[in-house]
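Enquirer: Below is start.cif; it holds mmCIF, N, CA and C atoms and all ligand atoms.
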```
data_structure
loop_
_atom_site.group_PDB
_atom_site.id
_atom_site.type_symbol
_atom_site.label_atom_id
_atom_site.label_comp_id
_atom_site.auth_asym_id
_atom_site.auth_seq_id
_atom_site.Cartn_x
_atom_site.Cartn_y
_atom_site.Cartn_z
ATOM 1 N N MET A 26 0.848 -1.200 0.000
ATOM 2 C CA MET A 26 0.000 0.000 0.000
ATOM 3 C C MET A 26 0.882 1.247 0.000
ATOM 4 N N VAL A 27 0.764 2.035 -1.050
ATOM 5 C CA VAL A 27 1.566 3.253 -1.144
ATOM 6 C C VAL A 27 0.692 4.467 -0.858
ATOM 7 N N ASP A 28 1.148 5.310 0.020
ATOM 8 C CA ASP A 28 0.405 6.519 0.355
ATOM 9 C C ASP A 28 0.955 7.689 -0.452
ATOM 10 N N PRO A 29 0.237 8.176 -1.459
ATOM 11 C CA PRO A 29 0.763 9.251 -2.319
ATOM 12 C C PRO A 29 0.919 10.575 -1.586
ATOM 13 N N THR A 30 0.299 10.700 -0.431
ATOM 14 C CA THR A 30 0.415 11.962 0.308
ATOM 15 C C THR A 30 1.578 11.931 1.292
ATOM 16 N N SER A 31 2.278 10.831 1.323
ATOM 17 C CA SER A 31 3.415 10.723 2.232
ATOM 18 C C SER A 31 4.430 11.838 1.953
ATOM 19 N N ASP A 32 4.885 12.464 3.009
ATOM 20 C CA ASP A 32 5.775 13.620 2.853
ATOM 21 C C ASP A 32 7.224 13.270 3.170
ATOM 22 N N LEU A 33 7.531 11.991 3.122
ATOM 23 C CA LEU A 33 8.908 11.586 3.381
ATOM 24 C C LEU A 33 9.816 12.066 2.249
ATOM 25 N N CYS A 34 10.996 12.493 2.577
ATOM 26 C CA CYS A 34 11.864 13.108 1.585
ATOM 27 C C CYS A 34 12.317 12.122 0.517
ATOM 28 N N GLU A 35 12.262 10.831 0.791
ATOM 29 C CA GLU A 35 12.677 9.884 -0.231
ATOM 30 C C GLU A 35 11.606 9.668 -1.294
ATOM 31 N N ASN A 36 10.437 10.307 -1.109
ATOM 32 C CA ASN A 36 9.373 10.192 -2.107
ATOM 33 C C ASN A 36 9.178 11.494 -2.869
ATOM 34 N N VAL A 37 10.234 12.251 -3.040
ATOM 35 C CA VAL A 37 10.141 13.516 -3.752
ATOM 36 C C VAL A 37 9.822 13.265 -5.225
ATOM 37 N N ALA A 38 8.848 13.993 -5.744
ATOM 38 C CA ALA A 38 8.532 13.892 -7.166
ATOM 39 C C ALA A 38 9.679 14.466 -7.989
ATOM 40 N N GLU A 39 9.858 13.924 -9.179
ATOM 41 C CA GLU A 39 10.995 14.348 -9.996
ATOM 42 C C GLU A 39 10.968 15.845 -10.276
ATOM 43 N N ALA A 40 9.763 16.395 -10.488
ATOM 44 C CA ALA A 40 9.643 17.827 -10.792
ATOM 45 C C ALA A 40 10.077 18.697 -9.622
ATOM 46 N N ASP A 41 9.963 18.151 -8.414
ATOM 47 C CA ASP A 41 10.318 18.920 -7.224
ATOM 48 C C ASP A 41 11.739 18.626 -6.758
ATOM 49 N N ALA A 42 12.373 17.676 -7.389
ATOM 50 C CA ALA A 42 13.684 17.244 -6.927
ATOM 51 C C ALA A 42 14.761 18.272 -7.287
ATOM 52 N N PRO A 43 15.760 18.389 -6.450
ATOM 53 C CA PRO A 43 16.892 19.242 -6.812
ATOM 54 C C PRO A 43 17.662 18.630 -7.971
ATOM 55 N N ARG A 44 18.362 19.465 -8.693
ATOM 56 C CA ARG A 44 19.132 18.958 -9.835
ATOM 57 C C ARG A 44 20.609 18.912 -9.490
ATOM 58 N N CYS A 45 21.260 17.910 -9.974
ATOM 59 C CA CYS A 45 22.696 17.787 -9.748
ATOM 60 C C CYS A 45 23.413 18.940 -10.454
ATOM 61 N N THR A 46 24.285 19.616 -9.721
ATOM 62 C CA THR A 46 25.005 20.740 -10.301
ATOM 63 C C THR A 46 25.928 20.281 -11.431
ATOM 64 N N ALA A 47 26.439 19.080 -11.324
ATOM 65 C CA ALA A 47 27.401 18.608 -12.313
ATOM 66 C C ALA A 47 26.747 18.040 -13.570
ATOM 67 N N CYS A 48 25.682 17.254 -13.415
ATOM 68 C CA CYS A 48 25.113 16.575 -14.587
ATOM 69 C C CYS A 48 23.674 16.971 -14.877
ATOM 70 N N SER A 49 23.079 17.815 -14.025
ATOM 71 C CA SER A 49 21.719 18.325 -14.225
ATOM 72 C C SER A 49 20.640 17.256 -14.115
ATOM 73 N N GLU A 50 20.999 16.080 -13.667
ATOM 74 C CA GLU A 50 19.992 15.047 -13.468
ATOM 75 C C GLU A 50 19.230 15.338 -12.174
ATOM 76 N N PRO A 51 17.906 15.117 -12.178
ATOM 77 C CA PRO A 51 17.164 15.278 -10.928
ATOM 78 C C PRO A 51 17.614 14.246 -9.903
ATOM 79 N N ILE A 52 17.736 14.685 -8.674
ATOM 80 C CA ILE A 52 18.179 13.789 -7.610
ATOM 81 C C ILE A 52 16.950 13.305 -6.858
ATOM 82 N N VAL A 53 16.563 12.068 -7.093
ATOM 83 C CA VAL A 53 15.387 11.490 -6.462
ATOM 84 C C VAL A 53 15.807 10.238 -5.717
ATOM 85 N N ALA A 54 15.598 10.245 -4.419
ATOM 86 C CA ALA A 54 15.888 9.068 -3.601
ATOM 87 C C ALA A 54 17.301 8.547 -3.851
ATOM 88 N N ASP A 55 18.252 9.453 -3.946
ATOM 89 C CA ASP A 55 19.643 9.069 -4.140
ATOM 90 C C ASP A 55 20.351 9.151 -2.790
ATOM 91 N N PRO A 56 20.583 8.018 -2.155
ATOM 92 C CA PRO A 56 21.173 8.047 -0.808
ATOM 93 C C PRO A 56 22.604 8.555 -0.800
ATOM 94 N N GLY A 57 23.235 8.596 -1.971
ATOM 95 C CA GLY A 57 24.627 9.024 -2.022
ATOM 96 C C GLY A 57 24.797 10.487 -2.360
ATOM 97 N N HIS A 58 23.688 11.203 -2.525
ATOM 98 C CA HIS A 58 23.826 12.598 -2.963
ATOM 99 C C HIS A 58 24.292 13.499 -1.834
ATOM 100 N N ARG A 59 24.890 14.602 -2.209
ATOM 101 C CA ARG A 59 25.435 15.529 -1.225
ATOM 102 C C ARG A 59 24.924 16.930 -1.527
ATOM 103 N N VAL A 60 24.609 17.658 -0.462
ATOM 104 C CA VAL A 60 24.184 19.044 -0.612
ATOM 105 C C VAL A 60 25.270 19.935 -0.018
ATOM 106 N N VAL A 61 25.731 20.887 -0.812
ATOM 107 C CA VAL A 61 26.768 21.806 -0.369
ATOM 108 C C VAL A 61 26.170 23.207 -0.337
ATOM 109 N N THR A 62 26.290 23.875 0.794
ATOM 110 C CA THR A 62 25.802 25.250 0.882
ATOM 111 C C THR A 62 26.962 26.188 1.125
ATOM 112 N N GLU A 63 26.906 27.330 0.499
ATOM 113 C CA GLU A 63 27.917 28.344 0.732
ATOM 114 C C GLU A 63 27.265 29.721 0.597
ATOM 115 N N VAL A 64 27.883 30.694 1.221
ATOM 116 C CA VAL A 64 27.344 32.045 1.168
ATOM 117 C C VAL A 64 28.096 32.839 0.104
ATOM 118 N N VAL A 65 27.330 33.341 -0.868
ATOM 119 C CA VAL A 65 27.909 34.139 -1.949
ATOM 120 C C VAL A 65 27.184 35.481 -1.978
ATOM 121 N N ASP A 66 27.926 36.552 -1.768
ATOM 122 C CA ASP A 66 27.316 37.884 -1.750
ATOM 123 C C ASP A 66 26.112 37.958 -0.819
ATOM 124 N N SER A 67 26.286 37.400 0.376
ATOM 125 C CA SER A 67 25.247 37.412 1.412
ATOM 126 C C SER A 67 24.022 36.582 1.060
ATOM 127 N N ARG A 68 24.103 35.801 -0.015
ATOM 128 C CA ARG A 68 23.012 34.876 -0.326
ATOM 129 C C ARG A 68 23.509 33.462 -0.124
ATOM 130 N N VAL A 69 22.607 32.591 0.269
ATOM 131 C CA VAL A 69 22.980 31.206 0.455
ATOM 132 C C VAL A 69 22.782 30.462 -0.855
ATOM 133 N N GLU A 70 23.868 29.943 -1.397
ATOM 134 C CA GLU A 70 23.805 29.138 -2.614
ATOM 135 C C GLU A 70 23.836 27.672 -2.208
ATOM 136 N N THR A 71 22.925 26.901 -2.773
ATOM 137 C CA THR A 71 22.875 25.481 -2.469
ATOM 138 C C THR A 71 23.196 24.684 -3.726
ATOM 139 N N ALA A 72 24.164 23.821 -3.626
ATOM 140 C CA ALA A 72 24.541 22.982 -4.760
ATOM 141 C C ALA A 72 24.301 21.523 -4.393
ATOM 142 N N HIS A 73 23.681 20.803 -5.306
ATOM 143 C CA HIS A 73 23.414 19.386 -5.087
ATOM 144 C C HIS A 73 24.275 18.566 -6.041
ATOM 145 N N PHE A 74 24.789 17.477 -5.528
ATOM 146 C CA PHE A 74 25.570 16.572 -6.370
ATOM 147 C C PHE A 74 25.045 15.166 -6.181
ATOM 148 N N CYS A 75 24.778 14.454 -7.278
ATOM 149 C CA CYS A 75 24.266 13.093 -7.176
ATOM 150 C C CYS A 75 25.401 12.131 -6.824
ATOM 151 N N GLY A 76 25.005 10.956 -6.345
ATOM 152 C CA GLY A 76 25.995 9.966 -5.951
ATOM 153 C C GLY A 76 26.891 9.550 -7.093
ATOM 154 N N GLY A 77 26.348 9.529 -8.303
ATOM 155 C CA GLY A 77 27.135 9.143 -9.469
ATOM 156 C C GLY A 77 28.275 10.098 -9.715
ATOM 157 N N CYS A 78 27.989 11.401 -9.641
ATOM 158 C CA CYS A 78 29.039 12.389 -9.862
ATOM 159 C C CYS A 78 30.046 12.408 -8.721
ATOM 160 N N LEU A 79 29.572 12.176 -7.506
ATOM 161 C CA LEU A 79 30.492 12.132 -6.376
ATOM 162 C C LEU A 79 31.459 10.970 -6.516
ATOM 163 N N SER A 80 30.936 9.817 -6.910
ATOM 164 C CA SER A 80 31.807 8.649 -7.037
ATOM 165 C C SER A 80 32.712 8.778 -8.250
ATOM 166 N N ALA A 81 32.302 9.610 -9.232
ATOM 167 C CA ALA A 81 33.124 9.829 -10.412
ATOM 168 C C ALA A 81 34.180 10.898 -10.147
ATOM 169 N N GLY A 82 34.065 11.569 -9.021
ATOM 170 C CA GLY A 82 35.077 12.553 -8.643
ATOM 171 C C GLY A 82 34.956 13.871 -9.362
ATOM 172 N N LYS A 83 33.761 14.187 -9.883
ATOM 173 C CA LYS A 83 33.575 15.453 -10.580
ATOM 174 C C LYS A 83 33.433 16.605 -9.575
HETATM 175 ZN ZN ZN B 1 25.342 14.238 -11.138
#
```
Take the structure in the file and give it back as structure tokens.

Expert:
Amino acid sequence: MVDPTSDLCENVAEADAPRCTACSEPIVADPGHRVVTEVVDSRVETAHFCGGCLSAGK
């Protein structure tokens, strides 16, 4: 039984998923992905990297 209203982060719809900064692929239920935040000109920039790109060393 799948609950479509479940708000667990591993059930993110592809349209709502963050995109990998390196390959632009949507990151959906990727346990190996990494989120990097940094402050640029007083704004917080968030970069997402999928597990594939991390393991590829990009
Ligand atoms: Zn990637």

Enquirer: For a quick check of understanding, using only C-alpha atoms, which of A:Leu79, A:Cys48, A:Ala40, A:Phe74 has the smallest distance to A:Thr62?

Expert: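 So, comparing all the options, the nearest one is A:Phe74.
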
Enquirer: Could you expand the PyMOL selection byres (((chain A and resi 58) around 6) and not hetatm) into the explicit residues it covers here, written as a PDB file with N, CA and C atoms, in the coordinates of the input?

Expert:
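The new file expr-v7.pdb reads:
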```
ATOM      1  N   ASP A  55      18.252   9.453  -3.946  1.00  0.00           N
ATOM      2  CA  ASP A  55      19.643   9.069  -4.140  1.00  0.00           C
ATOM      3  C   ASP A  55      20.351   9.151  -2.790  1.00  0.00           C
ATOM      4  N   PRO A  56      20.583   8.018  -2.155  1.00  0.00           N
ATOM      5  CA  PRO A  56      21.173   8.047  -0.808  1.00  0.00           C
ATOM      6  C   PRO A  56      22.604   8.555  -0.800  1.00  0.00           C
ATOM      7  N   GLY A  57      23.235   8.596  -1.971  1.00  0.00           N
ATOM      8  CA  GLY A  57      24.627   9.024  -2.022  1.00  0.00           C
ATOM      9  C   GLY A  57      24.797  10.487  -2.360  1.00  0.00           C
ATOM     10  N   ARG A  59      24.890  14.602  -2.209  1.00  0.00           N
ATOM     11  CA  ARG A  59      25.435  15.529  -1.225  1.00  0.00           C
ATOM     12  C   ARG A  59      24.924  16.930  -1.527  1.00  0.00           C
ATOM     13  N   VAL A  60      24.609  17.658  -0.462  1.00  0.00           N
ATOM     14  CA  VAL A  60      24.184  19.044  -0.612  1.00  0.00           C
ATOM     15  C   VAL A  60      25.270  19.935  -0.018  1.00  0.00           C
ATOM     16  N   PHE A  74      24.789  17.477  -5.528  1.00  0.00           N
ATOM     17  CA  PHE A  74      25.570  16.572  -6.370  1.00  0.00           C
ATOM     18  C   PHE A  74      25.045  15.166  -6.181  1.00  0.00           C
ATOM     19  N   CYS A  75      24.778  14.454  -7.278  1.00  0.00           N
ATOM     20  CA  CYS A  75      24.266  13.093  -7.176  1.00  0.00           C
ATOM     21  C   CYS A  75      25.401  12.131  -6.824  1.00  0.00           C
ATOM     22  N   GLY A  76      25.005  10.956  -6.345  1.00  0.00           N
ATOM     23  CA  GLY A  76      25.995   9.966  -5.951  1.00  0.00           C
ATOM     24  C   GLY A  76      26.891   9.550  -7.093  1.00  0.00           C
TER      25      GLY A  76
END
```

Enquirer: Taking into account all atoms listed in the file, which residue in the set A:His73, A:Arg68, A:Ser80, A:Val61 is nearest to A:Cys45?

Expert: A:His73

Enquirer: If you measure from atom C of A:Thr46 to atom CA of A:Glu70, what distance in Å do you get, rounded to one decimal?

Expert: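 Computing it gives 12.7 Å between the two atoms.
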
Enquirer: Which distance in Å separates atom N of A:Ser67 and atom C of A:Arg44, to one decimal?

Expert: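 About the pair atom N of A:Ser67 and atom C of A:Arg44: they are 21.7 Å apart.
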
Enquirer: Could you work out how far atom CA of A:Ala72 lies from atom CA of A:Val53, giving the answer in Å with one decimal?

Expert: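 Going from atom CA of A:Val53 over to atom CA of A:Ala72, I get 14.8 Å.
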
Enquirer: Pick out the closest residue to ligand ZN 1 (chain B) from this set: A:Ala42, A:Val69, A:Val64, A:Cys78. Count all atoms listed in the file.

Expert: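 Result for the nearest residue to ligand ZN 1 (chain B): A:Cys78.
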
Enquirer: Take every atom of stretch 53-67 of chain A listed in the file, pad by 4 Å on each side, and give me the axis-aligned box centre and edge lengths in Å, one decimal, as JSON.

Expert:
```
{"center_x": 21.7, "center_y": 23.0, "center_z": -2.8, "size_x": 20.7, "size_y": 37.9, "size_z": 16.5}
```

Enquirer: Counting only C-alpha atoms and all ligand atoms, which residue out of A:Ala47, A:Asp41, A:Ala54, A:Asp66 sits closest to ligand ZN 1 (chain B)?

Expert: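 With only C-alpha atoms and all ligand atoms as the atom set, the closest residue is A:Ala47.
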